[in-house]
Structures are given as structure tokens and as C-alpha cells.
>>> print(open('start-v6.tsv').read())   # TSV, C-alpha atoms and all ligand atoms
chain	number	residue	atom	x	y	z
T	99	MET	CA	94.02	70.55	78.34
T	100	VAL	CA	94.42	71.21	82.10
T	101	ASP	CA	91.37	72.88	83.64
T	102	SER	CA	93.26	75.33	85.87
T	103	GLU	CA	90.08	76.97	87.15
T	104	ALA	CA	88.72	73.63	88.40
T	105	LEU	CA	92.05	72.74	90.03
T	106	TRP	CA	92.21	76.14	91.70
T	107	ARG	CA	88.59	75.85	92.92
T	108	GLU	CA	89.20	72.38	94.35
T	109	ALA	CA	92.41	73.51	96.06
T	110	LEU	CA	90.68	76.42	97.85
T	111	TYR	CA	87.06	75.30	98.15
T	112	GLY	CA	87.01	71.50	97.73
T	113	PRO	CA	86.21	69.29	100.76
T	114	SER	CA	89.69	69.77	102.23
T	115	GLY	CA	90.43	73.03	100.45
T	116	PHE	CA	92.53	75.82	101.92
T	117	PHE	CA	89.59	78.09	102.81
T	118	THR	CA	86.99	75.34	103.33
T	119	ARG	CA	88.98	73.89	106.17
T	120	GLY	CA	89.24	77.29	107.83
T	121	GLU	CA	92.57	78.87	106.96
T	122	VAL	CA	92.35	82.63	107.56
T	123	PRO	CA	94.34	85.48	106.02
T	124	ALA	CA	95.74	86.46	109.43
T	125	ASP	CA	97.91	83.31	109.38
T	126	HIS	CA	99.18	83.71	105.82
T	127	PHE	CA	99.13	87.30	104.61
T	128	ARG	CA	98.26	90.78	105.80
T	129	THR	CA	95.14	92.49	104.55
T	130	ALA	CA	93.97	96.03	105.30
T	131	ALA	CA	91.25	94.56	107.51
T	132	LEU	CA	94.00	93.21	109.80
T	133	VAL	CA	95.99	96.44	110.12
T	134	GLY	CA	93.66	97.99	112.72
T	135	PRO	CA	90.21	99.58	113.06
T	136	GLU	CA	90.88	102.42	110.60
T	137	LEU	CA	89.57	100.69	107.46
T	138	ALA	CA	86.30	99.98	109.27
T	139	GLU	CA	86.25	103.59	110.43
T	140	ALA	CA	86.43	104.79	106.80
T	141	LEU	CA	83.78	102.29	105.73
T	142	LEU	CA	81.50	103.58	108.47
T	143	VAL	CA	81.87	107.09	107.02
T	144	LEU	CA	80.91	105.63	103.63
T	145	LEU	CA	78.04	103.70	105.22
T	146	GLU	CA	76.77	106.89	106.85
T	147	ARG	CA	76.68	108.53	103.39
T	148	VAL	CA	74.85	105.52	101.96
T	149	ASP	CA	72.38	105.66	104.87
T	150	PHE	CA	71.69	109.33	104.24
T	151	ALA	CA	71.26	108.80	100.49
T	152	LEU	CA	68.82	105.96	101.16
T	153	GLY	CA	66.77	108.18	103.48
T	154	ARG	CA	67.84	106.37	106.68
T	155	PRO	CA	65.96	103.08	106.23
T	156	ALA	CA	64.61	101.17	109.25
T	157	ARG	CA	67.19	98.45	108.61
T	158	LEU	CA	70.64	99.20	107.20
T	159	ASP	CA	72.87	96.34	106.01
T	160	PHE	CA	76.63	96.02	106.06
T	161	VAL	CA	77.50	92.83	104.19
T	162	ASP	CA	81.13	91.63	104.15
T	163	VAL	CA	81.51	89.09	101.33
T	164	GLY	CA	84.54	86.83	101.65
T	165	ALA	CA	84.83	87.84	105.29
T	166	GLY	CA	87.74	85.50	106.12
T	167	GLY	CA	88.30	85.72	109.88
T	168	GLY	CA	85.51	88.29	110.22
T	169	GLU	CA	87.77	91.06	111.54
T	170	LEU	CA	86.33	93.75	109.25
T	171	SER	CA	82.73	92.89	110.12
T	172	ALA	CA	83.58	92.89	113.81
T	173	ALA	CA	85.31	96.28	113.59
T	174	VAL	CA	82.39	97.83	111.68
T	175	ARG	CA	79.94	96.48	114.25
T	176	ALA	CA	82.07	97.72	117.15
T	177	GLY	CA	82.67	101.15	115.60
T	178	ALA	CA	79.06	101.96	114.69
T	179	SER	CA	77.30	104.49	116.88
T	180	GLY	CA	74.06	106.40	117.33
T	181	SER	CA	70.93	105.77	115.27
T	182	LEU	CA	72.95	104.00	112.58
T	183	ALA	CA	74.16	101.42	115.11
T	184	GLU	CA	70.58	100.72	116.22
T	185	ARG	CA	69.44	100.06	112.65
T	186	LEU	CA	72.61	98.30	111.47
T	187	VAL	CA	72.66	94.59	110.61
T	188	VAL	CA	76.19	93.27	110.01
T	189	THR	CA	76.46	90.07	108.00
T	190	ALA	CA	79.72	88.23	107.29
T	191	VAL	CA	79.60	85.90	104.29
T	192	ASP	CA	82.22	83.20	103.88
T	193	VAL	CA	82.36	79.63	102.67
T	194	GLY	CA	84.81	78.80	105.48
T	195	PRO	CA	83.81	77.86	109.04
T	196	ALA	CA	81.62	80.38	110.89
T	197	ARG	CA	83.43	82.67	113.34
T	198	SER	CA	81.84	84.18	116.38
T	199	TRP	CA	81.96	87.97	116.80
T	200	PRO	CA	79.58	90.03	118.93
T	201	GLY	CA	76.68	91.35	116.85
T	202	VAL	CA	77.84	89.77	113.58
T	203	ARG	CA	75.63	87.30	111.71
T	204	TRP	CA	77.54	84.64	109.79
T	205	THR	CA	76.35	82.93	106.62
T	206	SER	CA	77.90	80.96	103.77
T	207	GLU	CA	75.68	82.47	101.05
T	208	LEU	CA	75.12	86.00	99.83
T	209	PRO	CA	71.83	87.46	101.08
T	210	SER	CA	69.19	87.73	98.33
T	211	SER	CA	68.85	91.46	98.97
T	212	VAL	CA	70.99	94.10	100.65
T	213	CYS	CA	69.84	97.58	101.65
T	214	GLY	CA	73.00	99.45	102.59
T	215	LEU	CA	76.63	98.68	101.77
T	216	LEU	CA	78.04	95.42	100.42
T	217	VAL	CA	81.83	95.10	100.55
T	218	GLY	CA	84.02	92.47	98.91
T	219	HIS	CA	87.36	93.08	100.63
T	220	GLU	CA	90.02	90.95	98.93
T	221	TRP	CA	87.21	88.61	97.92
T	222	LEU	CA	87.48	88.68	94.12
T	223	ASP	CA	91.20	87.80	94.05
T	224	ALA	CA	90.21	84.51	95.71
T	225	VAL	CA	87.63	83.69	93.03
T	226	PRO	CA	89.30	81.04	90.82
T	227	CYS	CA	89.61	81.71	87.12
T	228	PRO	CA	91.33	80.10	84.12
T	229	VAL	CA	95.10	80.62	83.89
T	230	VAL	CA	96.28	80.63	80.28
T	231	ALA	CA	99.44	80.92	78.22
T	232	GLY	CA	99.66	82.72	74.90
T	233	PRO	CA	98.82	82.66	72.19
T	234	SER	CA	95.28	82.24	73.52
T	235	SER	CA	91.95	83.38	72.23
T	236	HIS	CA	88.83	83.92	74.30
T	237	PRO	CA	86.18	86.66	74.11
T	238	TRP	CA	87.18	87.95	77.55
T	239	LEU	CA	90.87	88.06	76.60
T	240	ASP	CA	90.06	89.74	73.30
T	241	ARG	CA	88.18	92.48	75.17
T	242	TRP	CA	90.33	92.88	78.27
T	243	TRP	CA	93.76	91.23	78.04
T	244	PRO	CA	95.23	90.28	74.65
T	245	VAL	CA	97.83	87.54	75.23
T	246	ALA	CA	100.76	87.14	72.83
T	247	GLU	CA	103.11	84.20	72.30
T	248	GLY	CA	105.00	83.39	75.49
T	249	GLU	CA	102.81	85.55	77.73
T	250	ARG	CA	100.53	84.39	80.53
T	251	ALA	CA	97.23	85.77	81.77
T	252	GLU	CA	94.14	85.01	83.81
T	253	ILE	CA	90.66	85.08	82.30
T	254	GLY	CA	88.77	87.27	84.76
T	255	GLU	CA	85.28	86.31	83.62
T	256	PRO	CA	84.35	84.33	86.79
T	257	ARG	CA	85.16	87.42	88.88
T	258	ASP	CA	82.99	89.57	86.57
T	259	VAL	CA	80.10	87.13	87.02
T	260	ALA	CA	80.54	86.94	90.80
T	261	TRP	CA	80.71	90.71	91.16
T	262	ALA	CA	77.75	91.41	88.84
T	263	ASP	CA	75.70	88.91	90.85
T	264	ALA	CA	76.66	90.56	94.16
T	265	VAL	CA	75.90	94.09	92.90
T	266	SER	CA	72.54	92.97	91.49
T	267	ARG	CA	71.38	92.19	95.05
T	268	VAL	CA	72.13	95.67	96.39
T	269	ARG	CA	70.22	98.89	96.93
T	270	GLY	CA	72.67	101.47	98.20
T	271	ALA	CA	76.33	100.80	97.38
T	272	ALA	CA	78.68	97.95	96.54
T	273	LEU	CA	82.44	98.19	96.99
T	274	ALA	CA	85.13	95.80	95.78
T	275	VAL	CA	88.59	96.42	97.25
T	276	ASP	CA	91.46	94.46	95.81
T	277	TYR	CA	94.85	94.42	94.17
T	278	GLY	CA	94.52	94.40	90.45
T	279	HIS	CA	95.19	95.99	87.13
T	280	VAL	CA	93.57	97.99	84.35
T	281	ARG	CA	93.37	97.29	80.64
T	282	ALA	CA	95.83	99.97	79.53
T	283	ASP	CA	98.59	98.34	81.61
T	284	ARG	CA	97.63	94.79	80.59
T	285	VAL	CA	97.69	95.75	76.91
T	286	ALA	CA	101.05	97.48	77.41
T	287	GLY	CA	102.47	94.15	78.59
T	288	ARG	CA	103.06	95.16	82.20
T	289	TYR	CA	101.56	91.86	83.38
T	290	ALA	CA	102.93	89.68	80.59
T	291	ALA	CA	103.96	86.98	83.08
T	292	GLY	CA	100.43	86.87	84.52
T	293	THR	CA	99.70	87.41	88.20
T	294	PHE	CA	98.71	83.94	89.43
T	295	ALA	CA	100.52	83.37	92.75
T	296	ALA	CA	100.50	81.34	95.96
T	297	TYR	CA	101.06	82.30	99.60
T	298	ARG	CA	101.62	80.26	102.73
T	299	GLY	CA	102.61	81.40	106.21
T	300	GLY	CA	103.34	84.95	105.07
T	301	ARG	CA	105.59	83.92	102.16
T	302	ARG	CA	105.14	83.67	98.43
T	303	VAL	CA	105.53	80.01	97.43
T	304	GLU	CA	105.41	77.91	94.26
T	305	PRO	CA	101.71	77.41	93.37
T	306	VAL	CA	100.50	73.84	93.98
T	307	PHE	CA	96.89	72.71	93.77
T	308	ASP	CA	96.87	70.54	96.88
T	309	GLY	CA	95.13	72.89	99.31
T	310	SER	CA	98.36	73.69	101.17
T	311	CYS	CA	98.50	77.36	100.10
T	312	ASP	CA	96.34	80.30	99.16
T	313	LEU	CA	96.05	80.72	95.40
T	314	THR	CA	95.30	84.16	94.06
T	315	ALA	CA	95.59	86.48	91.08
T	316	HIS	CA	95.19	90.21	90.61
T	317	VAL	CA	91.69	91.38	89.73
T	318	ALA	CA	90.70	93.11	86.50
T	319	LEU	CA	88.54	95.56	88.43
T	320	ASP	CA	87.72	97.56	85.30
T	321	ALA	CA	86.16	94.43	83.78
T	322	CYS	CA	84.25	93.68	87.00
T	323	GLY	CA	82.90	97.23	86.97
T	324	GLU	CA	81.70	96.99	83.40
T	325	ALA	CA	80.09	93.59	84.04
T	326	ALA	CA	78.09	94.92	87.00
T	327	GLY	CA	77.38	98.20	85.15
T	328	GLY	CA	75.63	101.28	86.45
T	329	ASP	CA	76.96	104.35	88.21
T	330	ARG	CA	80.47	103.63	89.48
T	331	VAL	CA	84.00	104.88	90.08
T	332	LEU	CA	87.33	103.07	90.20
T	333	VAL	CA	89.82	104.92	92.41
T	334	SER	CA	92.83	104.13	94.57
T	335	GLN	CA	92.51	103.18	98.23
T	336	ARG	CA	94.95	105.99	98.99
T	337	ASP	CA	92.61	108.62	97.53
T	338	ALA	CA	89.40	107.00	98.76
T	339	LEU	CA	90.59	106.86	102.36
T	340	ALA	CA	91.61	110.52	102.29
T	341	ALA	CA	88.19	111.41	100.86
T	342	LEU	CA	86.61	109.56	103.79
T	343	GLY	CA	88.67	111.50	106.29
T	344	LEU	CA	91.65	109.18	106.90
T	345	VAL	CA	94.83	111.13	106.38
T	346	GLY	CA	96.71	110.25	109.55
T	347	GLU	CA	98.32	113.47	110.63
T	348	VAL	CA	100.70	113.08	113.57
T	349	PRO	CA	100.12	115.69	116.29
T	350	PRO	CA	103.05	117.68	117.73
T	351	VAL	CA	105.29	115.59	119.99
T	352	GLY	CA	104.23	115.58	123.63
T	353	GLY	CA	101.09	115.01	125.60
T	354	ALA	CA	99.55	111.77	126.77
T	355	ALA	CA	97.64	111.19	123.54
T	356	TRP	CA	100.66	111.56	121.30
T	357	LEU	CA	101.77	107.91	121.29
T	358	ALA	CA	98.29	106.61	120.43
T	359	ALA	CA	97.91	109.24	117.70
T	360	ALA	CA	101.33	108.39	116.26
T	361	GLU	CA	100.44	104.67	116.17
T	362	ARG	CA	97.17	105.45	114.45
T	363	ALA	CA	98.97	107.66	111.93
T	364	SER	CA	101.38	104.84	111.12
T	365	ARG	CA	98.49	102.41	110.53
T	366	ILE	CA	96.82	104.94	108.23
T	367	ALA	CA	100.13	105.43	106.42
T	368	GLU	CA	100.27	101.65	105.85
T	369	LEU	CA	96.70	101.65	104.48
T	370	ARG	CA	97.56	104.54	102.14
T	371	ALA	CA	101.09	103.52	101.10
T	372	GLU	CA	101.86	103.89	97.39
T	373	GLY	CA	102.90	100.54	95.95
T	374	GLY	CA	101.32	98.83	98.98
T	375	LEU	CA	97.76	98.81	100.31
T	376	GLY	CA	97.23	102.38	99.10
T	377	SER	CA	97.60	101.15	95.52
T	378	PHE	CA	94.67	98.76	95.89
T	379	GLY	CA	91.64	99.62	93.78
T	380	TRP	CA	88.27	100.69	95.14
T	381	LEU	CA	85.49	99.86	92.69
T	382	LEU	CA	82.42	101.61	94.09
T	383	HIS	CA	78.94	101.28	92.60
T	384	GLY	CA	76.02	103.45	93.62
T	385	VAL	CA	72.82	101.48	93.20
T	386	GLY	CA	69.74	103.67	93.48
T	387	VAL	CA	71.96	106.40	94.92
T	388	PRO	CA	74.39	108.55	92.91
T	389	VAL	CA	78.00	107.54	93.44
T	390	SER	CA	78.80	111.27	93.52
T	391	SER	CA	76.91	111.45	96.84
T	392	LEU	CA	79.36	108.91	98.29
T	393	LEU	CA	82.78	110.10	97.11
T	394	PRO	CA	83.97	113.40	95.59
T	395	PRO	CA	85.59	113.32	92.13
T	396	LEU	CA	88.96	111.51	92.39
T	397	PRO	CA	91.63	110.57	89.82
T	398	PRO	CA	91.04	107.23	88.08
T	399	TRP	CA	92.92	104.27	89.56
T	400	ARG	CA	96.20	103.42	87.84
T	401	PRO	CA	98.07	100.95	90.11
S	1	LIG	C1	91.70	86.63	100.58
S	1	LIG	S1	90.47	86.17	101.75
S	1	LIG	C2	89.97	87.78	102.35
S	1	LIG	C3	89.43	87.79	103.76
S	1	LIG	C4	89.05	89.15	104.36
S	1	LIG	N1	88.05	89.82	103.58
S	1	LIG	C5	90.25	90.05	104.56
S	1	LIG	O1	90.42	90.99	103.77
S	1	LIG	O2	91.03	89.83	105.50
S	1	LIG	C6	89.15	85.69	100.67
S	1	LIG	C7	87.97	85.05	101.37
S	1	LIG	O3	86.89	84.92	100.44
S	1	LIG	C8	86.17	83.74	100.75
S	1	LIG	N2	85.33	83.39	99.59
S	1	LIG	C9	85.72	83.11	98.34
S	1	LIG	N3	84.67	82.88	97.53
S	1	LIG	C10	83.56	83.04	98.31
S	1	LIG	C11	82.17	82.98	98.06
S	1	LIG	N4	81.70	82.70	96.84
S	1	LIG	N5	81.31	83.22	99.06
S	1	LIG	C12	81.79	83.51	100.29
S	1	LIG	N6	83.11	83.60	100.60
S	1	LIG	C13	83.98	83.38	99.62
S	1	LIG	C14	87.27	82.74	101.10
S	1	LIG	O4	86.78	81.65	101.83
S	1	LIG	C15	88.23	83.63	101.90
S	1	LIG	O5	87.96	83.59	103.28
>>> encode(input="start-v6.tsv", output="C-alpha cells")
Amino acid sequence: MVDSEALWREALYGPSGFFTRGEVPADHFRTAALVGPELAEALLVLLERVDFALGRPARLDFVDVGAGGGELSAAVRAGASGSLAERLVVTAVDVGPARSWPGVRWTSELPSSVCGLLVGHEWLDAVPCPVVAGPSSHPWLDRWWPVAEGERAEIGEPRDVAWADAVSRVRGAALAVDYGHVRADRVAGRYAAGTFAAYRGGRRVEPVFDGSCDLTAHVALDACGEAAGGDRVLVSQRDALAALGLVGEVPPVGGAAWLAAAERASRIAELRAEGGLGSFGWLLHGVGVPVSSLLPPLPPWRP
């Protein structure tokens, strides 16, 4: 039987793998981190809430796991201000080549402990996992994604393990942001063809395991949440951003600031678009701090 997880891992993270050799999302697909500074702005609001809930520790971490080109880390570092900025340590974690951004530490391994906010932004979709065709039986499939004859699926267990490990290192909050799905929709057959896909140069291409393209699959964020456990919510990016103050109202036409405000509003609209980035899931864990101190009650995510 073909070991699809091993092939996928080699293609992305082997000696000449897609990410190992330094390919970055900016050259192949658009992530929310690349839209502009607004995602970082919202994460700084969240970080401020984490800081308060932790009692403003002497050192406050922002850890960006699967940092890619490092744009999100750089924007968080650049946007921080006041006492938080003085205590903030920004760490970008990626297995690809280190990038240089002012005030950002770069490492290839997760820190053993994090006091603050750990973010996996489009990290888990890049964690390889087995791709299967039905009928298939596996404890993870039985629990999360029953696969019938002729259907395809991905066994999300490696993502669960990776996320549970990351969350176990944190005091404060851990946030996974990704495209994905929930059990009710998987069981209903909405993803019967599976979600394994490949991208190169901004286009969806036929998946090949030769390191020439990014290989990805939607994330079963509900399973990741259960694996990591504890106090958590799973909400849409659209709702989470609004709850953190990003709504993007365009001011009345006129005035020197109008153009800049209109551009900002259009970036926020992109981040919150239904069916686009706004339909991404935010899986937020409070670790040692109640998640209710970080976000108000919001509808459950249903992409
Ligand atoms: C889809 S990219 C996302 C990049 C960036 N966060 C963004 O949103 O633009 C996924 C990144 O995760 C990194 N990655 C995957 N597994 C990793 C691991 N175990 N530790 C560190 N980085 C990892 C890859 O090298 C890649 O750069």
C-alpha cells in the first residue's frame, strides 16, 4: 500500500522539499498574513487580552508556528506598542530557511514553553497526513470522518498530535487559524471527494510528490481542538475579527484620510469575506486563562 503521508512529508520537508528549500506562500498562494497589517492588528488586541489575563508578565511571547516568510511575526513586532512592546518576544518557527525581520527571533523548533500567545496560521494544513479511499477503517476515521465506498478522506491524526503538542507548551492562549471542516459536514458527505490539493505559482495543480508544489488538505479543526483539550472555542475568522475590533467601516467620501481608510476597509473585507478568508476557522484555547476573557460568545464555526 502507498504510504501517502510519507510521500507528502518527503515532498514538502525532505532534503529538497518544497518548504525545506525555502518556497514561501507569497509566491504560490495568498494567506491572510499577506493581505496587510490588519490580521496582526487583531492578534495584538488578542495578545493584549492574554497579557492582561496573565497579569502582565515580565516577558510576553508571541510565537508564530509555521511562519513561512515571517510576514505575520514582522507585522506583530512592528505593530506592538507601549509596555507590551517592551516585554514582547516575537519568535517565528519554521522548518524552512531563516528570514531576517527586525526584532523577530527565528527558530526551526517549537520553544519548550510559551507564556503569551502561540499562533499556527495556516500551519496545520501543511502537516502531512494519510490520504485514503473508501471503504477505509481507522479509529480516527471512525470517530471523525466515516468514509464510504468510492469516497476519499484524509486522516487528520498527525495534525491532532502536532496541535496537542503545541498547546501543551503554552500558558496563555493558543490559536490555530486554517481552512477546514467540521464533523457534521464530513458525515453529511460534503467532503466526499476529500480535500487533498496542490498549488504552484498561485494556481491549483495536479498533486505530485516531487517537491514542485505545495501539498495541502483542509484541517479537521474540531478534532484538533478535542485532541488538545481544555477551555476552547471554534469560531469563524469573520466573527473573531469583528470581536477584536476589525469591521472595516468606510468613512464618508472626502478628506485626505479617505483613500487610506477605504483601502484598509477593503483589506478587512477580504479578511472577513464569507466563502473566502472569513470562512477560515479560529480554534482558540485558553490555557490557564479563561477563553471567555479573550473573546465574547460567538456562533460556532460552520464553514
Ligand atoms: C502554508 S505555510 C503558512 C505560512 C504563514 N503562516 C502564512 O500564513 O503565510 C505553512 C508553513 O508551515 C511550515 N511548517 C510545517 N510544519 C512545520 C513544523 N513542524 N515546524 C515548523 N514549521 C512548519 C512550512 O515550512 C510552511 O512554511
>>> residues_near_ligand(input="start-v6.tsv", ligand="ligand LIG 1 (chain S)", cutoff="10 Å", atoms="all atoms listed in the file", output="PDB file with C-alpha atoms, in the frame of the given file")
ATOM      1  CA  ARG T 107      88.590  75.850  92.920  1.00  0.00           C
ATOM      2  CA  LEU T 110      90.680  76.420  97.850  1.00  0.00           C
ATOM      3  CA  TYR T 111      87.060  75.300  98.150  1.00  0.00           C
ATOM      4  CA  GLY T 115      90.430  73.030 100.450  1.00  0.00           C
ATOM      5  CA  PHE T 116      92.530  75.820 101.920  1.00  0.00           C
ATOM      6  CA  PHE T 117      89.590  78.090 102.810  1.00  0.00           C
ATOM      7  CA  THR T 118      86.990  75.340 103.330  1.00  0.00           C
ATOM      8  CA  ARG T 119      88.980  73.890 106.170  1.00  0.00           C
ATOM      9  CA  GLY T 120      89.240  77.290 107.830  1.00  0.00           C
ATOM     10  CA  GLU T 121      92.570  78.870 106.960  1.00  0.00           C
ATOM     11  CA  VAL T 122      92.350  82.630 107.560  1.00  0.00           C
ATOM     12  CA  PRO T 123      94.340  85.480 106.020  1.00  0.00           C
ATOM     13  CA  ALA T 124      95.740  86.460 109.430  1.00  0.00           C
ATOM     14  CA  HIS T 126      99.180  83.710 105.820  1.00  0.00           C
ATOM     15  CA  PHE T 127      99.130  87.300 104.610  1.00  0.00           C
ATOM     16  CA  ARG T 128      98.260  90.780 105.800  1.00  0.00           C
ATOM     17  CA  THR T 129      95.140  92.490 104.550  1.00  0.00           C
ATOM     18  CA  ALA T 130      93.970  96.030 105.300  1.00  0.00           C
ATOM     19  CA  ALA T 131      91.250  94.560 107.510  1.00  0.00           C
ATOM     20  CA  LEU T 132      94.000  93.210 109.800  1.00  0.00           C
ATOM     21  CA  VAL T 133      95.990  96.440 110.120  1.00  0.00           C
ATOM     22  CA  ASP T 162      81.130  91.630 104.150  1.00  0.00           C
ATOM     23  CA  VAL T 163      81.510  89.090 101.330  1.00  0.00           C
ATOM     24  CA  GLY T 164      84.540  86.830 101.650  1.00  0.00           C
ATOM     25  CA  ALA T 165      84.830  87.840 105.290  1.00  0.00           C
ATOM     26  CA  GLY T 166      87.740  85.500 106.120  1.00  0.00           C
ATOM     27  CA  GLY T 167      88.300  85.720 109.880  1.00  0.00           C
ATOM     28  CA  GLY T 168      85.510  88.290 110.220  1.00  0.00           C
ATOM     29  CA  GLU T 169      87.770  91.060 111.540  1.00  0.00           C
ATOM     30  CA  LEU T 170      86.330  93.750 109.250  1.00  0.00           C
ATOM     31  CA  SER T 171      82.730  92.890 110.120  1.00  0.00           C
ATOM     32  CA  ALA T 190      79.720  88.230 107.290  1.00  0.00           C
ATOM     33  CA  VAL T 191      79.600  85.900 104.290  1.00  0.00           C
ATOM     34  CA  ASP T 192      82.220  83.200 103.880  1.00  0.00           C
ATOM     35  CA  VAL T 193      82.360  79.630 102.670  1.00  0.00           C
ATOM     36  CA  GLY T 194      84.810  78.800 105.480  1.00  0.00           C
ATOM     37  CA  PRO T 195      83.810  77.860 109.040  1.00  0.00           C
ATOM     38  CA  THR T 205      76.350  82.930 106.620  1.00  0.00           C
ATOM     39  CA  SER T 206      77.900  80.960 103.770  1.00  0.00           C
ATOM     40  CA  GLU T 207      75.680  82.470 101.050  1.00  0.00           C
ATOM     41  CA  LEU T 208      75.120  86.000  99.830  1.00  0.00           C
ATOM     42  CA  VAL T 217      81.830  95.100 100.550  1.00  0.00           C
ATOM     43  CA  GLY T 218      84.020  92.470  98.910  1.00  0.00           C
ATOM     44  CA  HIS T 219      87.360  93.080 100.630  1.00  0.00           C
ATOM     45  CA  GLU T 220      90.020  90.950  98.930  1.00  0.00           C
ATOM     46  CA  TRP T 221      87.210  88.610  97.920  1.00  0.00           C
ATOM     47  CA  LEU T 222      87.480  88.680  94.120  1.00  0.00           C
ATOM     48  CA  ASP T 223      91.200  87.800  94.050  1.00  0.00           C
ATOM     49  CA  ALA T 224      90.210  84.510  95.710  1.00  0.00           C
ATOM     50  CA  VAL T 225      87.630  83.690  93.030  1.00  0.00           C
ATOM     51  CA  PRO T 226      89.300  81.040  90.820  1.00  0.00           C
ATOM     52  CA  ARG T 257      85.160  87.420  88.880  1.00  0.00           C
ATOM     53  CA  ALA T 260      80.540  86.940  90.800  1.00  0.00           C
ATOM     54  CA  TRP T 261      80.710  90.710  91.160  1.00  0.00           C
ATOM     55  CA  ALA T 264      76.660  90.560  94.160  1.00  0.00           C
ATOM     56  CA  VAL T 275      88.590  96.420  97.250  1.00  0.00           C
ATOM     57  CA  ASP T 276      91.460  94.460  95.810  1.00  0.00           C
ATOM     58  CA  ASP T 312      96.340  80.300  99.160  1.00  0.00           C
ATOM     59  CA  LEU T 313      96.050  80.720  95.400  1.00  0.00           C
ATOM     60  CA  THR T 314      95.300  84.160  94.060  1.00  0.00           C
TER      61      THR T 314
END
>>> atom_distance(input="start-v6.tsv", atom1="atom CA of Ala363 of chain T", atom2="atom CA of Gly346 of chain T")
4.2 Å
>>> residues_around(input="start-v6.tsv", residues="Asp283 of chain T", least_positions_apart="6", cutoff="9 Å", atoms="all atoms listed in the file", output="MDAnalysis selection string")
chainID T and resid 289 400:401
>>> atom_distance(input="start-v6.tsv", atom1="atom CA of Leu105 of chain T", atom2="atom CA of Pro305 of chain T")
11.2 Å
>>> residues_around(input="start-v6.tsv", residues="segment 230-235 of chain T", least_positions_apart="5", cutoff="12 Å", atoms="all atoms listed in the file", output="list in words")
Met99, Val100, Asp101, Ser102, Glu103, Asp240, Arg241, Trp242, Trp243, Pro244, Val245, Ala246, Glu247, Gly248, Glu249, Arg250, Ala251, Glu252, Ile253, Gly254, Ala290, Ala291, Gly292, Thr293 and Phe294 of chain T
>>> build_atoms(input="start-v6.tsv", residues="segment 295-306 of chain T", atoms="N, CA, C and O atoms", output="mmCIF file, in the frame of the given file")
data_model
loop_
_atom_site.group_PDB
_atom_site.id
_atom_site.type_symbol
_atom_site.label_atom_id
_atom_site.label_comp_id
_atom_site.auth_asym_id
_atom_site.auth_seq_id
_atom_site.Cartn_x
_atom_site.Cartn_y
_atom_site.Cartn_z
ATOM 1 N N ALA T 295 99.480 83.528 91.721
ATOM 2 C CA ALA T 295 100.520 83.370 92.750
ATOM 3 C C ALA T 295 99.975 82.583 93.931
ATOM 4 O O ALA T 295 98.756 82.407 94.071
ATOM 5 N N ALA T 296 100.887 82.112 94.778
ATOM 6 C CA ALA T 296 100.500 81.340 95.960
ATOM 7 C C ALA T 296 101.200 81.891 97.192
ATOM 8 O O ALA T 296 102.348 82.363 97.111
ATOM 9 N N TYR T 297 100.503 81.821 98.334
ATOM 10 C CA TYR T 297 101.060 82.300 99.600
ATOM 11 C C TYR T 297 100.796 81.271 100.692
ATOM 12 O O TYR T 297 99.740 80.639 100.731
ATOM 13 N N ARG T 298 101.781 81.124 101.545
ATOM 14 C CA ARG T 298 101.620 80.260 102.730
ATOM 15 C C ARG T 298 102.473 80.821 103.852
ATOM 16 O O ARG T 298 103.653 81.138 103.626
ATOM 17 N N GLY T 299 101.870 80.959 105.030
ATOM 18 C CA GLY T 299 102.610 81.400 106.210
ATOM 19 C C GLY T 299 103.349 82.714 105.988
ATOM 20 O O GLY T 299 104.457 82.884 106.485
ATOM 21 N N GLY T 300 102.737 83.632 105.251
ATOM 22 C CA GLY T 300 103.340 84.950 105.070
ATOM 23 C C GLY T 300 104.365 85.028 103.950
ATOM 24 O O GLY T 300 104.947 86.070 103.721
ATOM 25 N N ARG T 301 104.594 83.914 103.238
ATOM 26 C CA ARG T 301 105.590 83.920 102.160
ATOM 27 C C ARG T 301 104.964 83.544 100.830
ATOM 28 O O ARG T 301 104.038 82.739 100.793
ATOM 29 N N ARG T 302 105.540 84.094 99.766
ATOM 30 C CA ARG T 302 105.140 83.670 98.430
ATOM 31 C C ARG T 302 105.786 82.321 98.152
ATOM 32 O O ARG T 302 106.988 82.153 98.394
ATOM 33 N N VAL T 303 105.000 81.357 97.694
ATOM 34 C CA VAL T 303 105.530 80.010 97.430
ATOM 35 C C VAL T 303 105.139 79.572 96.024
ATOM 36 O O VAL T 303 104.327 80.220 95.355
ATOM 37 N N GLU T 304 105.725 78.476 95.574
ATOM 38 C CA GLU T 304 105.410 77.910 94.260
ATOM 39 C C GLU T 304 103.951 77.417 94.288
ATOM 40 O O GLU T 304 103.569 76.683 95.198
ATOM 41 N N PRO T 305 103.106 77.843 93.321
ATOM 42 C CA PRO T 305 101.710 77.410 93.370
ATOM 43 C C PRO T 305 101.571 75.896 93.188
ATOM 44 O O PRO T 305 102.144 75.321 92.258
ATOM 45 N N VAL T 306 100.868 75.261 94.118
ATOM 46 C CA VAL T 306 100.500 73.840 93.980
ATOM 47 C C VAL T 306 99.009 73.738 94.312
ATOM 48 O O VAL T 306 98.496 74.483 95.140
#
